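A.B. asks: Could you have a look at this structure, given as structure tokens, before my questions?
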Amino acid sequence: MSGTGAPEPMIARRSGALTGEAHVPGDKSISHRSLILGAMCVGESRIEGLLEGEDVLATAAAMRAFGAEVVDAGEGGWSVHGVGVGGFGEPADVIDCGNSGTGARLVMGAMATTPITATFTGDASLRSRPMDRVIEPLVDFGARAVGQSGGRLPMTITGAMDPVPVNYTMPVASAQVKSAILLAGLNAPGETVVIEREATRDHTERMLRGFGADIDVNAEAGGHVITLKGHAELRPQVISVPRDPSSAAFPVATALIVEGSDVLVPNVGMNPTRTGFYSTLREMGADLSFENEREEGGEPVADIRARFSPDLKGIEVPPARAASMIDEYPILSVVSAYAEGRTIMRGVGELRVKESDRIDAMATGLRAVGGTVSEGEDWWEVEGMGPAGVPGGARVEARLDHRVAMSFLSLGLGAKEAVTVDDAMPIATSFPTFTTLMKELGASFEPIQAEQA
Ligand code: S3P
């Protein structure tokens, strides 16, 4: 698990053109949900293309701990023999979710309406993140929770003996909170209603429908009213996981900033609740095309082609787009550093409670490599230095955050001087093949000794 071993510093040097195909891993959000929903059916679900990163493997272990049989059949194929809605047994030991907020929050939801007790923990990053946002609605169902001060892990949850359905308006735009409520609602009687004022990723709703749940989604003033009938009986499914647009963002962004590059990323999930980053890149003038657009397993999919784009312009990213690209702001800030003019990102306070405080982590690192960044509680601005103007020549901290580590390694490939990331190990949480895949495209990455970092 990230954060438990010795740090693995990595250096990124200015590279020649990146070319070829980048087969990024399966979607992280859909992978977590496949395992959890598979565990909540009676019978066998099969999953193709599961992300075998540490975050998802922690969720697989959690599902086993609650009584499901989860089998790695090899080559990305997995099978889950579930125990049914309300069928979770009490885990014998603490549930360690590693670095994963999604794993922790969704699994808490899935067990909160079954009368069992489980204790959740995670790595130092996850133990610093707020869980009260998910605990509050779960308590409304009748669950009880005792955690560290500030609603932090470790936390023990006892699921409701006689759950009541909830009608909950979400105070934050969070697909994790929405999903936790819907998963809890599966084992409550009557109708559970979740109101989100801003649309967030809708994989849970799509997948619940696929698994046979009675779920109704109504669009309302920028957001949704989601109604789920409880005491559901889910039917096992065969799931094909599309490749992750948030992981694809790294080879795509790197192709835009490294001279002469031309990279194809096939089979990427293009769910409209996830594609804000690509709309933003287009507005900045990126040379991007979406080929072979199609639908697979209820999700839109396309092949993305990205070419070196020397004329990128800084833009103001519309705040309403934040939820659809929340994980892509770190790498967007890197692209912004290679643009002309200022990129302004507002309405992004949620970045402060991700795997790290991503505004602070990126702003600190960007300043170290020669950039200029201004920031406030829920906004930041990055001054572009042009396609050949990023100095580099610094060591930056990943702060146990996979996306911060990958962002600065990407930045180093176009910078004048090499960039060292103090610890590349967290990358294994979401994109274990990142360095290999990028090196195959032509990236110059090299592990170095801790004392040289
Ligand atoms: C996720 C939702 C997002 C995202 C995370 C995955 C999910 O978090 O940042 O990486 O799978 O539901 P929030 O919904 O809390 O913003």
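Following the order of the structure tokens, first chain is A, next is B, and so on, with residues numbered from 1 inside each chain and ligands from 1 in the order they appear.
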Please produce, as a tab-separated table, a per-residue contact table for region 85-186 of chain A versus region 341-362 of chain A (criterion: any atom at most 10 Å away, only C-alpha atoms considered), showing the nearest atom pair and its distance in Å to one decimal, sorted by chain then residue number.
C.D. replies:
residue	atom	partner	partner_atom	distance
A:Asn99	CA	A:Glu355	CA	7.2
A:Ser100	CA	A:Glu355	CA	8.0
A:Gly101	CA	A:Glu355	CA	7.8
A:Ala124	CA	A:Glu355	CA	9.5
A:Ser125	CA	A:Glu355	CA	5.7
A:Leu126	CA	A:Glu355	CA	6.7
A:Arg127	CA	A:Glu355	CA	9.8
A:Ser128	CA	A:Val353	CA	8.6
A:Arg129	CA	A:Val353	CA	6.1
A:Pro130	CA	A:Val353	CA	7.3
A:Val172	CA	A:Glu350	CA	8.4
A:Ala173	CA	A:Glu350	CA	8.5
A:Ser174	CA	A:Glu350	CA	8.9
A.B. asks: Emit the selected residues as a JSON list (two decimals), in the first residue's frame, including N, CA, C and O atoms.
C.D. replies:
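File produced: selection.json:
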[["chain", "number", "residue", "atom", "x", "y", "z"],
["A", 99, "ASN", "N", -5.35, 4.02, 0.24],
["A", 99, "ASN", "CA", -5.34, 5.45, -0.12],
["A", 99, "ASN", "C", -6.71, 5.92, -0.64],
["A", 99, "ASN", "O", -6.89, 7.08, -0.99],
["A", 100, "SER", "N", -7.68, 5.01, -0.65],
["A", 100, "SER", "CA", -8.88, 5.24, -1.45],
["A", 100, "SER", "C", -10.10, 5.81, -0.72],
["A", 100, "SER", "O", -10.80, 5.10, 0.01],
["A", 101, "GLY", "N", -10.39, 7.06, -0.99],
["A", 101, "GLY", "CA", -11.61, 7.69, -0.47],
["A", 101, "GLY", "C", -12.84, 7.05, -1.08],
["A", 101, "GLY", "O", -13.86, 6.86, -0.40],
["A", 124, "ALA", "N", -1.98, 7.34, 5.66],
["A", 124, "ALA", "CA", -1.96, 8.65, 6.31],
["A", 124, "ALA", "C", -2.80, 9.66, 5.53],
["A", 124, "ALA", "O", -3.48, 10.52, 6.12],
["A", 125, "SER", "N", -2.81, 9.56, 4.20],
["A", 125, "SER", "CA", -3.60, 10.48, 3.38],
["A", 125, "SER", "C", -5.08, 10.26, 3.67],
["A", 125, "SER", "O", -5.82, 11.21, 3.98],
["A", 126, "LEU", "N", -5.53, 9.02, 3.61],
["A", 126, "LEU", "CA", -6.97, 8.75, 3.81],
["A", 126, "LEU", "C", -7.40, 9.07, 5.23],
["A", 126, "LEU", "O", -8.52, 9.57, 5.45],
["A", 127, "ARG", "N", -6.51, 8.83, 6.20],
["A", 127, "ARG", "CA", -6.86, 9.13, 7.60],
["A", 127, "ARG", "C", -7.00, 10.63, 7.86],
["A", 127, "ARG", "O", -7.50, 11.03, 8.90],
["A", 128, "SER", "N", -6.52, 11.44, 6.91],
["A", 128, "SER", "CA", -6.64, 12.89, 7.11],
["A", 128, "SER", "C", -7.88, 13.45, 6.40],
["A", 128, "SER", "O", -8.17, 14.64, 6.49],
["A", 129, "ARG", "N", -8.63, 12.62, 5.70],
["A", 129, "ARG", "CA", -9.74, 13.14, 4.87],
["A", 129, "ARG", "C", -11.08, 13.07, 5.61],
["A", 129, "ARG", "O", -11.31, 12.18, 6.42],
["A", 130, "PRO", "N", -11.98, 14.03, 5.30],
["A", 130, "PRO", "CA", -13.25, 14.08, 6.04],
["A", 130, "PRO", "C", -14.20, 12.95, 5.66],
["A", 130, "PRO", "O", -14.44, 12.72, 4.48],
["A", 172, "VAL", "N", -22.40, 19.03, -0.60],
["A", 172, "VAL", "CA", -21.21, 19.12, -1.48],
["A", 172, "VAL", "C", -21.48, 18.30, -2.74],
["A", 172, "VAL", "O", -22.23, 17.33, -2.71],
["A", 173, "ALA", "N", -20.86, 18.71, -3.85],
["A", 173, "ALA", "CA", -20.98, 17.93, -5.08],
["A", 173, "ALA", "C", -20.02, 16.75, -4.95],
["A", 173, "ALA", "O", -18.82, 16.91, -5.07],
["A", 174, "SER", "N", -20.56, 15.57, -4.66],
["A", 174, "SER", "CA", -19.71, 14.41, -4.45],
["A", 174, "SER", "C", -20.39, 13.13, -4.90],
["A", 174, "SER", "O", -21.39, 12.71, -4.32]]
A.B. asks: Can you pull out every residue within 7 Å of Tyr338 (chain A), counting only C-alpha atoms, but drop anything in the same chain fewer than 2 positions away, and send it as an MDAnalysis selection string?
C.D. replies: chainID A and resid 257 334:336 340 384:387 390
A.B. asks: Dump the neighbourhood of ligand 1 as a ChimeraX atom specification: all residues within 10 Å, distances computed on only C-alpha atoms and all ligand atoms.
C.D. replies: /A:27-33,100-103,105-106,133-134,172-180,200-204,246,274,322-328,350-351,353-355,403,430
A.B. asks: Of the residues A:Gly87, A:Ser279, A:Asp96, A:Glu440, which is the one nearest to Asp55 (chain A), using only C-alpha atoms?
C.D. replies: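 Checking each of A:Gly87, A:Ser279, A:Asp96, A:Glu440 against Asp55 (chain A), counting only C-alpha atoms, the winner is A:Asp96.
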A.B. asks: Would you pick out the contacts of Ile239 (chain A) at 8 Å or less, using only C-alpha atoms, so that residues sharing its chain but fewer than 4 positions from it are not included, and give the list as a ChimeraX atom specification?
C.D. replies: /A:34,45-48,297
A.B. asks: Selection from above, all heavy atoms, as an mmCIF file, in the first residue's frame, can you write it?
C.D. replies:
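Writing done, so here's part27.cif:
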data_model
loop_
_atom_site.group_PDB
_atom_site.id
_atom_site.type_symbol
_atom_site.label_atom_id
_atom_site.label_comp_id
_atom_site.auth_asym_id
_atom_site.auth_seq_id
_atom_site.Cartn_x
_atom_site.Cartn_y
_atom_site.Cartn_z
ATOM 1 N N SER A 34 -18.028 -2.096 -9.594
ATOM 2 C CA SER A 34 -18.253 -3.455 -10.105
ATOM 3 C C SER A 34 -18.091 -4.475 -8.987
ATOM 4 O O SER A 34 -18.890 -5.404 -8.857
ATOM 5 C CB SER A 34 -17.242 -3.790 -11.204
ATOM 6 O OG SER A 34 -17.373 -2.894 -12.271
ATOM 7 N N SER A 45 -21.010 -12.469 -10.759
ATOM 8 C CA SER A 45 -20.797 -11.400 -11.742
ATOM 9 C C SER A 45 -19.391 -11.551 -12.288
ATOM 10 O O SER A 45 -18.473 -11.940 -11.552
ATOM 11 C CB SER A 45 -20.933 -10.021 -11.091
ATOM 12 O OG SER A 45 -22.275 -9.772 -10.757
ATOM 13 N N ARG A 46 -19.226 -11.245 -13.576
ATOM 14 C CA ARG A 46 -17.885 -11.295 -14.155
ATOM 15 C C ARG A 46 -17.480 -9.915 -14.623
ATOM 16 O O ARG A 46 -18.312 -9.154 -15.123
ATOM 17 C CB ARG A 46 -17.825 -12.326 -15.280
ATOM 18 C CG ARG A 46 -17.611 -13.721 -14.675
ATOM 19 C CD ARG A 46 -17.487 -14.819 -15.688
ATOM 20 N NE ARG A 46 -18.760 -15.066 -16.336
ATOM 21 C CZ ARG A 46 -18.963 -14.995 -17.637
ATOM 22 N NH1 ARG A 46 -17.966 -14.687 -18.454
ATOM 23 N NH2 ARG A 46 -20.143 -15.239 -18.152
ATOM 24 N N ILE A 47 -16.211 -9.570 -14.409
ATOM 25 C CA ILE A 47 -15.714 -8.226 -14.733
ATOM 26 C C ILE A 47 -14.515 -8.374 -15.664
ATOM 27 O O ILE A 47 -13.585 -9.119 -15.359
ATOM 28 C CB ILE A 47 -15.282 -7.475 -13.446
ATOM 29 C CG1 ILE A 47 -16.361 -7.553 -12.364
ATOM 30 C CG2 ILE A 47 -14.935 -6.022 -13.766
ATOM 31 C CD1 ILE A 47 -15.900 -7.123 -10.975
ATOM 32 N N GLU A 48 -14.563 -7.664 -16.774
ATOM 33 C CA GLU A 48 -13.411 -7.625 -17.691
ATOM 34 C C GLU A 48 -12.779 -6.241 -17.613
ATOM 35 O O GLU A 48 -13.495 -5.238 -17.569
ATOM 36 C CB GLU A 48 -13.860 -7.867 -19.141
ATOM 37 C CG GLU A 48 -14.341 -9.280 -19.439
ATOM 38 C CD GLU A 48 -13.287 -10.330 -19.157
ATOM 39 O OE1 GLU A 48 -12.086 -10.046 -19.336
ATOM 40 O OE2 GLU A 48 -13.678 -11.439 -18.719
ATOM 41 N N GLY A 297 -21.278 -1.425 -22.990
ATOM 42 C CA GLY A 297 -21.734 -1.730 -21.620
ATOM 43 C C GLY A 297 -22.409 -0.552 -20.948
ATOM 44 O O GLY A 297 -22.191 -0.311 -19.758
#
A.B. asks: Can you pull out every residue within 10 Å of region 219-236 of chain A, counting only C-alpha atoms, but drop anything in the same chain fewer than 3 positions away, and send it as number ranges by chain?
C.D. replies: A: 37-46, 80-82, 84-86, 164-165, 167-169, 173, 178, 181-200, 205, 208-216, 239, 320
